[in-house]
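As stored in run-v4.csv (CSV, C-alpha atoms):
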chain,number,residue,atom,x,y,z
A,1043,MET,CA,-10.0,28.0,7.3
A,1044,SER,CA,-9.2,28.8,10.8
A,1045,GLY,CA,-5.5,29.5,11.3
A,1046,GLY,CA,-4.7,28.3,7.8
A,1047,VAL,CA,-4.5,24.7,9.1
A,1048,ASN,CA,-4.8,22.2,6.3
A,1049,ILE,CA,-4.5,18.4,5.8
A,1050,GLN,CA,-1.9,17.8,3.0
A,1051,ARG,CA,-1.9,14.0,3.0
A,1052,VAL,CA,-3.4,10.9,4.5
A,1053,ASP,CA,-1.3,7.8,4.5
A,1054,PRO,CA,-2.6,5.3,3.7
A,1055,PRO,CA,-5.7,6.6,2.0
A,1056,ALA,CA,-7.9,3.7,3.3
A,1057,ALA,CA,-8.4,2.0,6.6
A,1058,ILE,CA,-10.6,-0.4,8.6
A,1059,PRO,CA,-11.5,0.4,12.2
A,1060,GLY,CA,-8.5,0.4,14.5
A,1061,GLY,CA,-6.1,1.0,11.5
A,1062,GLU,CA,-3.4,3.6,12.0
A,1063,ILE,CA,-3.3,6.5,9.5
A,1064,ALA,CA,-0.7,9.2,9.3
A,1065,ILE,CA,-2.1,12.7,8.7
A,1066,ASP,CA,0.3,15.4,7.4
A,1067,ILE,CA,-0.7,18.9,8.5
A,1068,THR,CA,0.3,22.4,7.4
A,1069,GLY,CA,-0.4,25.8,9.0
A,1070,ALA,CA,-0.6,24.6,12.6
A,1071,ARG,CA,1.4,26.5,15.2
A,1072,PRO,CA,3.7,24.5,17.5
A,1073,VAL,CA,2.0,23.9,20.9
A,1074,SER,CA,3.2,22.5,24.2
A,1075,VAL,CA,-0.1,20.9,25.2
A,1076,GLY,CA,0.1,18.0,22.8
A,1077,PRO,CA,-0.7,17.2,19.2
A,1078,PRO,CA,-3.9,18.5,17.5
A,1079,LYS,CA,-7.1,16.5,17.9
A,1080,ILE,CA,-8.4,14.6,15.0
A,1081,PHE,CA,-12.1,14.1,14.1
A,1082,ILE,CA,-13.1,11.4,11.6
A,1083,ASP,CA,-16.7,11.6,10.4
A,1084,ASN,CA,-17.3,13.8,13.4
A,1085,LEU,CA,-16.0,11.2,15.9
A,1086,GLU,CA,-12.8,12.0,17.8
A,1087,ALA,CA,-10.1,9.6,16.9
A,1088,HIS,CA,-7.5,8.2,19.3
A,1089,VAL,CA,-4.2,9.9,18.6
A,1090,VAL,CA,-1.2,7.6,19.0
A,1091,ALA,CA,1.4,10.3,18.5
A,1092,GLY,CA,1.9,13.5,16.8
A,1093,SER,CA,3.3,17.0,16.4
A,1094,SER,CA,2.0,20.2,14.8
A,1095,ARG,CA,3.0,18.7,11.4
A,1096,ARG,CA,2.1,15.0,11.6
A,1097,VAL,CA,-0.4,13.0,13.6
A,1098,LEU,CA,-0.8,9.3,13.9
A,1099,ALA,CA,-4.5,8.4,14.6
A,1100,LEU,CA,-6.6,5.2,14.7
A,1101,LEU,CA,-9.7,5.0,12.6
A,1102,PRO,CA,-12.7,4.8,15.0
A,1103,HIS,CA,-15.6,2.4,14.6
A,1104,LEU,CA,-18.0,4.2,12.4
A,1105,GLU,CA,-21.6,3.6,11.5
A,1106,ARG,CA,-20.9,3.8,7.8
A,1107,GLY,CA,-18.1,3.0,5.4
A,1108,GLY,CA,-16.9,4.8,2.3
A,1109,LYS,CA,-15.2,8.2,2.0
A,1110,VAL,CA,-15.4,10.0,5.3
A,1111,SER,CA,-14.2,13.4,6.4
A,1112,ILE,CA,-11.2,14.3,8.6
A,1113,ALA,CA,-11.0,17.5,10.6
A,1114,VAL,CA,-8.3,18.9,12.9
A,1115,ARG,CA,-8.8,20.8,16.1
A,1116,HIS,CA,-5.8,22.9,16.9
A,1117,ASP,CA,-5.5,25.1,20.0
A,1118,ASP,CA,-9.1,24.5,20.8
A,1119,GLU,CA,-10.2,25.9,17.5
A,1120,THR,CA,-12.4,23.7,15.4
A,1121,VAL,CA,-11.3,23.5,11.8
A,1122,ARG,CA,-13.6,22.5,9.0
A,1123,PRO,CA,-12.9,19.1,7.4
A,1124,SER,CA,-9.9,19.4,5.0
A,1125,GLY,CA,-9.2,15.8,4.3
A,1126,SER,CA,-10.8,12.3,3.9
A,1127,VAL,CA,-10.1,8.6,4.3
A,1128,LEU,CA,-11.8,5.6,2.7
A,1129,ALA,CA,-13.3,3.6,5.7
A,1130,GLY,CA,-14.2,0.0,5.6
A,1131,GLN,CA,-17.8,-1.1,6.1
A,1132,ARG,CA,-18.1,-4.1,8.4
A,1133,LEU,CA,-19.9,-7.0,6.7
A,1134,ALA,CA,-19.7,-9.5,9.5
A,1135,GLY,CA,-18.3,-9.9,13.0
A,1136,HIS,CA,-17.7,-12.8,15.4
A,1137,VAL,CA,-16.1,-14.9,12.7
A,1138,HIS,CA,-12.6,-16.3,12.7
A,1139,PRO,CA,-10.9,-16.5,9.3
A,1140,VAL,CA,-7.3,-17.4,9.2
A,1141,THR,CA,-6.7,-16.5,5.6
A,1142,ASN,CA,-8.5,-15.0,2.6
A,1143,PRO,CA,-12.3,-15.0,2.4
A,1144,THR,CA,-13.5,-16.2,-1.1
A,1145,PHE,CA,-16.2,-15.1,-3.5
A,1146,ASP,CA,-18.4,-17.6,-5.2
A,1147,PRO,CA,-18.0,-16.9,-9.0
A,1148,ALA,CA,-21.6,-18.1,-9.6
A,1149,ASP,CA,-23.5,-15.5,-7.6
A,1150,GLY,CA,-20.9,-13.2,-6.0
A,1151,SER,CA,-21.6,-14.3,-2.4
A,1152,LEU,CA,-18.7,-14.3,0.0
A,1153,PHE,CA,-17.6,-17.3,2.1
A,1154,VAL,CA,-15.8,-16.8,5.3
A,1155,THR,CA,-14.8,-19.2,8.1
A,1156,ARG,CA,-15.0,-19.4,11.8
A,1157,SER,CA,-12.0,-21.6,12.0
A,1158,GLY,CA,-11.4,-21.8,15.7
A,1159,SER,CA,-8.3,-23.0,17.5
A,1160,ARG,CA,-6.7,-26.3,16.5
A,1161,GLY,CA,-9.1,-29.1,17.1
A,1162,GLU,CA,-11.9,-26.9,18.3
A,1163,HIS,CA,-15.3,-27.9,16.8
A,1164,VAL,CA,-17.8,-25.0,16.6
A,1165,PRO,CA,-21.5,-25.3,15.7
A,1166,VAL,CA,-21.1,-23.1,12.6
A,1167,SER,CA,-17.7,-23.0,10.9
A,1168,LEU,CA,-18.6,-21.6,7.5
A,1169,TYR,CA,-20.7,-18.5,6.7
A,1170,ARG,CA,-22.1,-17.2,3.5
A,1171,ILE,CA,-22.5,-13.4,3.0
A,1172,HIS,CA,-25.0,-12.8,0.2
A,1173,PRO,CA,-24.6,-9.8,-2.2
A,1174,ASP,CA,-27.4,-8.0,-0.2
A,1175,ASP,CA,-25.2,-8.4,2.9
A,1176,ARG,CA,-27.5,-11.1,4.4
A,1177,ILE,CA,-25.4,-13.5,6.5
A,1178,GLU,CA,-26.2,-17.2,6.3
A,1179,GLU,CA,-24.9,-20.0,8.6
A,1180,PHE,CA,-23.7,-22.3,5.8
A,1181,SER,CA,-22.3,-25.4,7.6
A,1182,GLY,CA,-20.5,-26.8,10.7
A,1183,ASP,CA,-19.4,-30.0,9.1
A,1184,ILE,CA,-15.7,-29.2,8.8
A,1185,THR,CA,-13.4,-28.7,11.8
A,1186,ASN,CA,-10.9,-25.9,11.4
A,1187,PRO,CA,-11.8,-24.9,7.8
A,1188,THR,CA,-8.9,-22.9,6.6
A,1189,SER,CA,-8.7,-22.0,2.9
A,1190,ILE,CA,-11.6,-21.9,0.4
A,1191,ALA,CA,-11.2,-21.9,-3.4
A,1192,PHE,CA,-13.4,-22.6,-6.5
A,1193,ASP,CA,-12.1,-24.4,-9.5
A,1194,GLY,CA,-12.8,-23.5,-13.1
A,1195,ARG,CA,-16.1,-25.4,-13.1
A,1196,GLY,CA,-17.3,-23.5,-10.0
A,1197,GLN,CA,-16.8,-26.4,-7.5
A,1198,MET,CA,-16.0,-25.3,-4.0
A,1199,PHE,CA,-13.0,-26.9,-2.1
A,1200,ILE,CA,-12.0,-26.3,1.5
A,1201,THR,CA,-8.9,-27.3,3.4
A,1202,SER,CA,-9.0,-28.4,7.1
A,1203,ARG,CA,-5.8,-27.9,9.0
A,1204,PHE,CA,-7.2,-30.3,11.7
A,1205,ASP,CA,-7.2,-33.5,9.6
A,1206,GLY,CA,-5.0,-32.6,6.6
A,1207,THR,CA,-7.9,-32.9,4.2
A,1208,VAL,CA,-9.4,-31.1,1.2
A,1209,TYR,CA,-13.2,-31.4,1.1
A,1210,ARG,CA,-15.3,-30.9,-2.0
A,1211,VAL,CA,-18.6,-29.2,-1.4
A,1212,SER,CA,-21.6,-30.0,-3.7
A,1213,PRO,CA,-24.4,-27.5,-4.6
A,1214,LEU,CA,-26.5,-29.5,-2.1
A,1215,ARG,CA,-24.0,-28.8,0.7
A,1216,GLU,CA,-22.7,-32.3,0.8
A,1217,PHE,CA,-19.1,-32.5,2.0
A,1218,ALA,CA,-16.9,-35.3,0.5
A,1219,VAL,CA,-13.2,-36.0,1.1
A,1220,PHE,CA,-11.3,-35.1,-2.1
A,1221,ALA,CA,-7.7,-35.5,-0.9
A,1222,SER,CA,-6.2,-36.5,2.4
A,1223,ASP,CA,-2.9,-37.0,4.3
A,1224,LEU,CA,-1.7,-33.5,3.5
A,1225,GLY,CA,-0.2,-32.7,6.9
A,1226,ILE,CA,-1.4,-29.4,8.3
A,1227,ALA,CA,-3.3,-28.4,5.2
A,1228,THR,CA,-3.7,-24.6,4.9
A,1229,GLY,CA,-3.3,-22.7,1.6
A,1230,LEU,CA,-5.3,-23.8,-1.5
A,1231,ALA,CA,-5.1,-22.4,-5.0
A,1232,PHE,CA,-5.7,-23.5,-8.6
A,1233,ASN,CA,-3.4,-22.7,-11.6
A,1234,VAL,CA,-4.6,-21.7,-15.0
A,1235,ALA,CA,-4.6,-25.3,-16.1
A,1236,GLY,CA,-7.0,-26.2,-13.2
A,1237,GLU,CA,-4.5,-28.1,-11.1
A,1238,MET,CA,-4.9,-27.9,-7.4
A,1239,PHE,CA,-2.1,-26.9,-5.0
A,1240,VAL,CA,-2.2,-27.2,-1.2
A,1241,GLY,CA,0.3,-26.0,1.3
A,1242,ASP,CA,1.2,-28.1,4.3
A,1243,ARG,CA,2.6,-25.5,6.7
A,1244,SER,CA,5.1,-28.1,8.0
A,1245,GLY,CA,7.1,-27.6,4.8
A,1246,THR,CA,5.5,-29.2,1.7
A,1247,ILE,CA,3.5,-27.9,-1.2
A,1248,PHE,CA,1.4,-30.6,-2.8
A,1249,ARG,CA,0.1,-30.8,-6.4
A,1250,ILE,CA,-3.2,-32.7,-6.5
A,1251,ASN,CA,-4.7,-34.2,-9.7
A,1252,GLU,CA,-8.3,-34.4,-10.8
A,1253,ILE,CA,-9.0,-37.6,-8.8
A,1254,GLY,CA,-7.4,-36.3,-5.5
A,1255,GLU,CA,-4.0,-38.0,-5.7
A,1256,ALA,CA,-1.4,-35.8,-4.1
A,1257,THR,CA,2.3,-35.5,-5.0
A,1258,ALA,CA,4.9,-33.5,-3.1
A,1259,TRP,CA,5.7,-30.7,-5.6
A,1260,ALA,CA,8.0,-28.3,-3.6
A,1261,GLU,CA,9.5,-27.7,-0.2
A,1262,HIS,CA,9.3,-24.5,1.8
A,1263,GLU,CA,10.4,-23.2,5.2
A,1264,PRO,CA,7.9,-24.3,7.8
A,1265,SER,CA,5.4,-21.6,9.0
A,1266,VAL,CA,4.3,-20.7,12.6
A,1267,SER,CA,0.7,-20.3,11.3
A,1268,ALA,CA,-0.2,-21.1,7.7
A,1269,TYR,CA,0.9,-21.2,4.1
A,1270,HIS,CA,-1.1,-18.8,1.9
A,1271,LEU,CA,-1.1,-19.4,-1.8
A,1272,ALA,CA,-2.0,-17.4,-4.9
A,1273,PHE,CA,-1.2,-17.9,-8.6
A,1274,GLY,CA,0.0,-14.8,-10.5
A,1275,PRO,CA,-0.5,-13.6,-14.0
A,1276,ASP,CA,2.7,-15.4,-14.9
A,1277,ASP,CA,1.2,-18.7,-13.7
A,1278,ALA,CA,3.8,-18.9,-11.0
A,1279,LEU,CA,2.8,-19.8,-7.4
A,1280,TYR,CA,3.3,-17.1,-4.8
A,1281,VAL,CA,3.5,-18.2,-1.2
A,1282,THR,CA,3.6,-16.6,2.2
A,1283,GLY,CA,4.2,-18.4,5.5
A,1284,PRO,CA,4.9,-16.3,8.6
A,1285,THR,CA,8.0,-17.4,10.5
A,1286,VAL,CA,9.6,-16.1,13.7
A,1287,SER,CA,11.4,-13.4,11.6
A,1288,SER,CA,10.1,-9.9,11.3
A,1289,PHE,CA,11.6,-9.6,7.8
A,1290,ASP,CA,9.7,-12.4,6.0
A,1291,ALA,CA,9.6,-12.9,2.2
A,1292,ILE,CA,7.1,-13.7,-0.4
A,1293,THR,CA,8.4,-16.7,-2.3
A,1294,ARG,CA,7.7,-17.3,-6.0
A,1295,PHE,CA,7.7,-20.9,-7.4
A,1296,ASP,CA,8.0,-21.3,-11.1
A,1297,ARG,CA,6.2,-24.0,-13.1
A,1298,LEU,CA,8.9,-26.6,-12.1
A,1299,GLY,CA,8.6,-25.8,-8.4
A,1300,THR,CA,11.9,-23.9,-8.2
A,1301,PRO,CA,11.7,-21.1,-5.6
A,1302,SER,CA,13.0,-17.6,-5.6
A,1303,VAL,CA,12.4,-14.6,-3.4
A,1304,PHE,CA,9.9,-12.2,-5.0
A,1305,TYR,CA,9.9,-9.6,-2.2
A,1306,ARG,CA,11.5,-9.5,1.3
A,1307,GLY,CA,10.8,-7.1,4.1
A,1308,LEU,CA,7.3,-8.0,5.5
A,1309,GLY,CA,6.2,-8.7,9.0
A,1310,ARG,CA,3.9,-11.7,9.4
A,1311,PRO,CA,2.7,-11.9,5.7
A,1312,GLN,CA,-0.5,-13.9,5.3
A,1313,GLY,CA,-3.3,-13.9,2.7
A,1314,LEU,CA,-2.5,-12.6,-0.8
A,1315,ALA,CA,-4.2,-11.8,-4.0
A,1316,PHE,CA,-3.4,-10.3,-7.4
A,1317,ASP,CA,-5.2,-7.5,-9.4
A,1318,ARG,CA,-5.5,-7.5,-13.2
A,1319,LYS,CA,-2.5,-5.2,-13.5
A,1320,GLY,CA,-0.3,-7.7,-11.9
A,1321,ASN,CA,0.1,-5.9,-8.5
A,1322,LEU,CA,0.2,-8.2,-5.5
A,1323,TYR,CA,-1.7,-7.4,-2.4
A,1324,VAL,CA,-0.8,-9.1,0.9
A,1325,ALA,CA,-2.0,-8.9,4.5
A,1326,ALA,CA,1.2,-7.9,6.3
A,1327,SER,CA,3.2,-5.3,8.2
A,1328,LEU,CA,5.5,-3.0,6.2
A,1329,HIS,CA,8.0,-0.8,8.1
A,1330,GLY,CA,6.0,-1.6,11.3
A,1331,ARG,CA,2.6,-0.6,10.0
A,1332,ARG,CA,0.0,-3.3,9.6
A,1333,GLY,CA,-2.7,-3.7,6.9
A,1334,ILE,CA,-2.8,-4.5,3.2
A,1335,VAL,CA,0.4,-4.0,1.3
A,1336,ARG,CA,0.6,-3.5,-2.5
A,1337,ILE,CA,3.7,-4.8,-4.3
A,1338,THR,CA,4.5,-3.8,-7.8
A,1339,PRO,CA,4.6,-6.6,-10.5
A,1340,ASP,CA,8.4,-6.6,-10.6
A,1341,GLY,CA,8.6,-6.9,-6.8
A,1342,THR,CA,10.8,-3.8,-6.5
A,1343,SER,CA,8.6,-1.6,-4.3
A,1344,ALA,CA,5.8,-1.9,-1.8
A,1345,GLU,CA,3.4,0.5,-0.1
A,1346,LEU,CA,0.7,0.2,2.5
A,1347,VAL,CA,-2.7,0.9,0.9
A,1348,VAL,CA,-5.1,-0.1,3.7
A,1349,ALA,CA,-4.4,0.3,7.4
A,1350,GLY,CA,-5.7,-2.3,9.8
A,1351,MET,CA,-4.8,-4.4,12.8
A,1352,ASN,CA,-5.0,-8.2,12.9
A,1353,VAL,CA,-5.5,-8.5,9.2
A,1354,VAL,CA,-5.3,-12.0,7.8
A,1355,GLY,CA,-6.5,-11.9,4.2
A,1356,LEU,CA,-8.4,-10.2,1.4
A,1357,ALA,CA,-10.4,-10.8,-1.7
A,1358,PHE,CA,-11.7,-8.7,-4.6
A,1359,SER,CA,-15.3,-8.7,-5.7
A,1360,SER,CA,-16.4,-8.6,-9.3
A,1361,GLY,CA,-17.5,-5.0,-8.8
A,1362,GLY,CA,-14.1,-3.8,-7.6
A,1363,ASP,CA,-14.6,-3.8,-3.8
A,1364,MET,CA,-11.7,-5.0,-1.6
A,1365,VAL,CA,-12.8,-7.3,1.2
A,1366,VAL,CA,-10.4,-7.3,4.1
A,1367,ALA,CA,-10.6,-10.0,6.8
A,1368,THR,CA,-9.3,-9.7,10.3
A,1369,ASN,CA,-9.2,-12.4,12.9
A,1370,ASP,CA,-12.7,-11.6,13.9
A,1371,SER,CA,-14.4,-9.4,11.3
A,1372,VAL,CA,-14.8,-8.8,7.5
A,1373,TYR,CA,-14.9,-5.4,6.0
A,1374,SER,CA,-15.6,-4.0,2.5
A,1375,LEU,CA,-14.0,-1.0,0.8
A,1376,PRO,CA,-15.0,0.4,-2.6
A,1377,MET,CA,-11.5,0.6,-4.0
A,1378,ASP,CA,-12.3,-0.1,-7.7
A,1379,ILE,CA,-9.7,-2.9,-8.0
A,1380,ARG,CA,-10.4,-5.9,-10.2
A,1381,GLY,CA,-8.9,-9.2,-9.2
A,1382,ILE,CA,-6.9,-11.4,-11.5
A,1383,LEU,CA,-8.8,-13.9,-13.7
A,1384,LEU,CA,-7.1,-17.2,-14.2
A,1385,ASP,CA,-9.6,-18.7,-16.6
Reformat the file's structure so that it appears as structure tokens.
Amino acid sequence: MSGGVNIQRVDPPAAIPGGEIAIDITGARPVSVGPPKIFIDNLEAHVVAGSSRRVLALLPHLERGGKVSIAVRHDDETVRPSGSVLAGQRLAGHVHPVTNPTFDPADGSLFVTRSGSRGEHVPVSLYRIHPDDRIEEFSGDITNPTSIAFDGRGQMFITSRFDGTVYRVSPLREFAVFASDLGIATGLAFNVAGEMFVGDRSGTIFRINEIGEATAWAEHEPSVSAYHLAFGPDDALYVTGPTVSSFDAITRFDRLGTPSVFYRGLGRPQGLAFDRKGNLYVAASLHGRRGIVRITPDGTSAELVVAGMNVVGLAFSSGGDMVVATNDSVYSLPMDIRGILLD
């Protein structure tokens, strides 16, 4: 290897286009002309900052996803690839999710919204991405669709933050009001008993019974964007809701609706999901770096596992892929992580 230059570590080990990765280098001589150049899958990456020992670079837009090579050019000498990063493959663009996309448990297709700004009605507000990556325009019947969830019987439900309503979607794509008067309805989740919970970002979390009757279940600090809900393996409800603080918390609500801080120290935390080991993944910033953050089951430590800008949510496929949603695109990464099963 030319000059003994070597890549020792890439942090985080996965990214979507535009995500910032840190590349630790050994064997490079200090230079005065700037940091080494970085090539990812033979494309030159934009270097944000760096030295002869560490470079911060943005993952370029690649034609393919999966494991791609990283090479360093130091003092105009081309160095063979000595590192790699797991790159996200774009599944869809020109969408506008505001929280997690959702997999249909019946056939593995992925639903993602084009939510639009508050009150904006778009011709197509809900898309379906089939397992063969074919994109289907599913519906435009709901204004500002926000969260999507399936109950234990495979029925689809969608919140609208425009009219404070939860809609039930039939297999024939018929949309019926299931629950209403829910404020600015955003997050949606089911517990292990099949009960529905909806977050009104104004400050209330509702529990909704099987006939659509809503009861105020817990109160939470109002959010500047949305509440995002997920039930953990302990059947507690975990909630994020970005505030004006840069040091936000994930709140855990026990079965009685009593809150406690599960983890504090995130910037603009949004969509969240659990894996089967009990780790919690959340779209957020950690120590100023944006992407998907993994938090240990006891809430004591966190690390960035996928780098990406404008990330709003994530979901796990049955095959172990992580789907990462930004405010305009959806990406897939083969990370071999299985999501939690609540049934």
Exercise. Which is closest to Ala1367 (chain A) among A:Val1154, A:Ala1057, A:Ile1382, A:Val1166, if we use all atoms listed in the file?
Worked result: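 Under the stated criterion, the closest residue is A:Val1154.
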For this session: May I ask for the distance between CA of Asp1205 (chain A) and CA of Ala1325 (chain A), given in Å to one decimal place?
Result: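 Interatomic distance here is 25.7 Å.
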Box along x, y and z, 6 Å on every side, all listed atoms of region 1288-1305 of chain A inside: centre and edge lengths in Å to one decimal, as lines of an AutoDock Vina configuration file.
center_x = 9.6
center_y = -18.1
center_z = -0.9
size_x = 18.8
size_y = 29.0
size_z = 36.4
For this session: Fewer than 5 positions away in the same chain doesn't count, so skip those; otherwise give me all residues within 10 Å of region 1368-1380 of chain A, counting all atoms listed in the file, as a ChimeraX atom specification.
Result: /A:1056-1059,1107-1109,1128-1143,1154-1157,1316-1319,1325,1333,1348,1350-1363
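Rounded to one decimal, CA of Pro1264 (chain A) and CA of Ala1191 (chain A) lie 22.3 Å from each other.
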Exercise. Contacts of Ser1302 (chain A) at 9 Å or less, counting all atoms listed in the file, minus same-chain residues fewer than 5 places along, as an MDAnalysis selection string?
Worked result: chainID A and resid 1292:1296
Exercise. Any idea what's packed within 12 Å of region 1111-1117 of chain A, counting all atoms listed in the file, ignoring anything in its chain fewer than 5 positions away? Could you give it as JSON, numbers by chain?
Worked result: {"A": [1043, 1044, 1045, 1046, 1047, 1048, 1049, 1050, 1051, 1052, 1055, 1056, 1063, 1064, 1065, 1066, 1067, 1068, 1069, 1070, 1071, 1072, 1073, 1074, 1075, 1076, 1077, 1078, 1079, 1080, 1081, 1082, 1083, 1084, 1085, 1086, 1087, 1089, 1093, 1094, 1095, 1096, 1097, 1099, 1100, 1101, 1102, 1104, 1106, 1122, 1123, 1124, 1125, 1126, 1127, 1128, 1129]}
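CA of Met1198 (chain A) to CA of Trp1259 (chain A) spans 22.4 Å [interatomic distance, one decimal].
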Problem set entry | Minimum-distance residue to Leu1271 (chain A), chosen among A:Val1347, A:Val1365, A:Leu1322, A:Ile1334 (using all atoms listed in the file) | A:Leu1322
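With all atoms listed in the file as the atoms that count, the residue of A:Asp1277, A:Glu1261, A:Glu1216, A:Asp1242 with the shortest distance to Gly1299 (chain A) is A:Glu1261.
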Fill-in result for region 1201-1223 of chain A, N, CA and C atoms as a short mmCIF file (atom, residue, chain, number, x, y, z; two decimals), in the coordinates of the input:
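out-v8.cif was written with the following content:
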data_model
loop_
_atom_site.label_atom_id
_atom_site.label_comp_id
_atom_site.auth_asym_id
_atom_site.auth_seq_id
_atom_site.Cartn_x
_atom_site.Cartn_y
_atom_site.Cartn_z
N THR A 1201 -9.92 -26.57 2.67
CA THR A 1201 -8.90 -27.30 3.40
C THR A 1201 -9.29 -27.32 4.92
N SER A 1202 -8.88 -28.39 5.60
CA SER A 1202 -9.00 -28.40 7.10
C SER A 1202 -7.57 -28.68 7.61
N ARG A 1203 -7.11 -27.75 8.40
CA ARG A 1203 -5.80 -27.90 9.00
C ARG A 1203 -5.83 -28.92 10.16
N PHE A 1204 -7.04 -29.30 10.58
CA PHE A 1204 -7.20 -30.30 11.70
C PHE A 1204 -6.86 -31.68 11.21
N ASP A 1205 -7.40 -32.09 10.06
CA ASP A 1205 -7.20 -33.50 9.60
C ASP A 1205 -6.42 -33.60 8.32
N GLY A 1206 -5.84 -32.48 7.82
CA GLY A 1206 -5.00 -32.60 6.60
C GLY A 1206 -5.77 -32.99 5.39
N THR A 1207 -6.99 -32.49 5.25
CA THR A 1207 -7.90 -32.90 4.20
C THR A 1207 -8.38 -31.78 3.36
N VAL A 1208 -8.63 -32.05 2.07
CA VAL A 1208 -9.40 -31.10 1.20
C VAL A 1208 -10.75 -31.72 1.00
N TYR A 1209 -11.78 -30.94 1.27
CA TYR A 1209 -13.20 -31.40 1.10
C TYR A 1209 -13.74 -30.69 -0.17
N ARG A 1210 -14.54 -31.45 -0.91
CA ARG A 1210 -15.30 -30.90 -2.00
C ARG A 1210 -16.74 -30.71 -1.57
N VAL A 1211 -17.30 -29.53 -1.87
CA VAL A 1211 -18.60 -29.20 -1.40
C VAL A 1211 -19.57 -29.16 -2.64
N SER A 1212 -20.63 -29.94 -2.57
CA SER A 1212 -21.60 -30.00 -3.70
C SER A 1212 -22.59 -28.86 -3.58
N PRO A 1213 -23.32 -28.58 -4.66
CA PRO A 1213 -24.40 -27.50 -4.60
C PRO A 1213 -25.43 -27.84 -3.53
N LEU A 1214 -25.55 -29.11 -3.11
CA LEU A 1214 -26.50 -29.50 -2.10
C LEU A 1214 -25.90 -29.46 -0.68
N ARG A 1215 -24.69 -28.88 -0.56
CA ARG A 1215 -24.00 -28.80 0.70
C ARG A 1215 -23.55 -30.12 1.26
N GLU A 1216 -23.24 -31.01 0.38
CA GLU A 1216 -22.70 -32.30 0.80
C GLU A 1216 -21.17 -32.20 0.76
N PHE A 1217 -20.54 -32.64 1.83
CA PHE A 1217 -19.10 -32.50 2.00
C PHE A 1217 -18.47 -33.90 1.79
N ALA A 1218 -17.55 -33.99 0.83
CA ALA A 1218 -16.90 -35.30 0.50
C ALA A 1218 -15.38 -35.06 0.56
N VAL A 1219 -14.65 -36.04 1.09
CA VAL A 1219 -13.20 -36.00 1.10
C VAL A 1219 -12.69 -36.06 -0.36
N PHE A 1220 -11.89 -35.07 -0.77
CA PHE A 1220 -11.30 -35.10 -2.10
C PHE A 1220 -9.86 -35.53 -2.08
N ALA A 1221 -9.10 -35.06 -1.09
CA ALA A 1221 -7.70 -35.50 -0.90
C ALA A 1221 -7.38 -35.45 0.56
N SER A 1222 -6.49 -36.35 0.97
CA SER A 1222 -6.20 -36.50 2.40
C SER A 1222 -4.69 -36.71 2.61
N ASP A 1223 -4.32 -36.83 3.89
CA ASP A 1223 -2.90 -37.00 4.30
C ASP A 1223 -2.02 -35.90 3.77
#
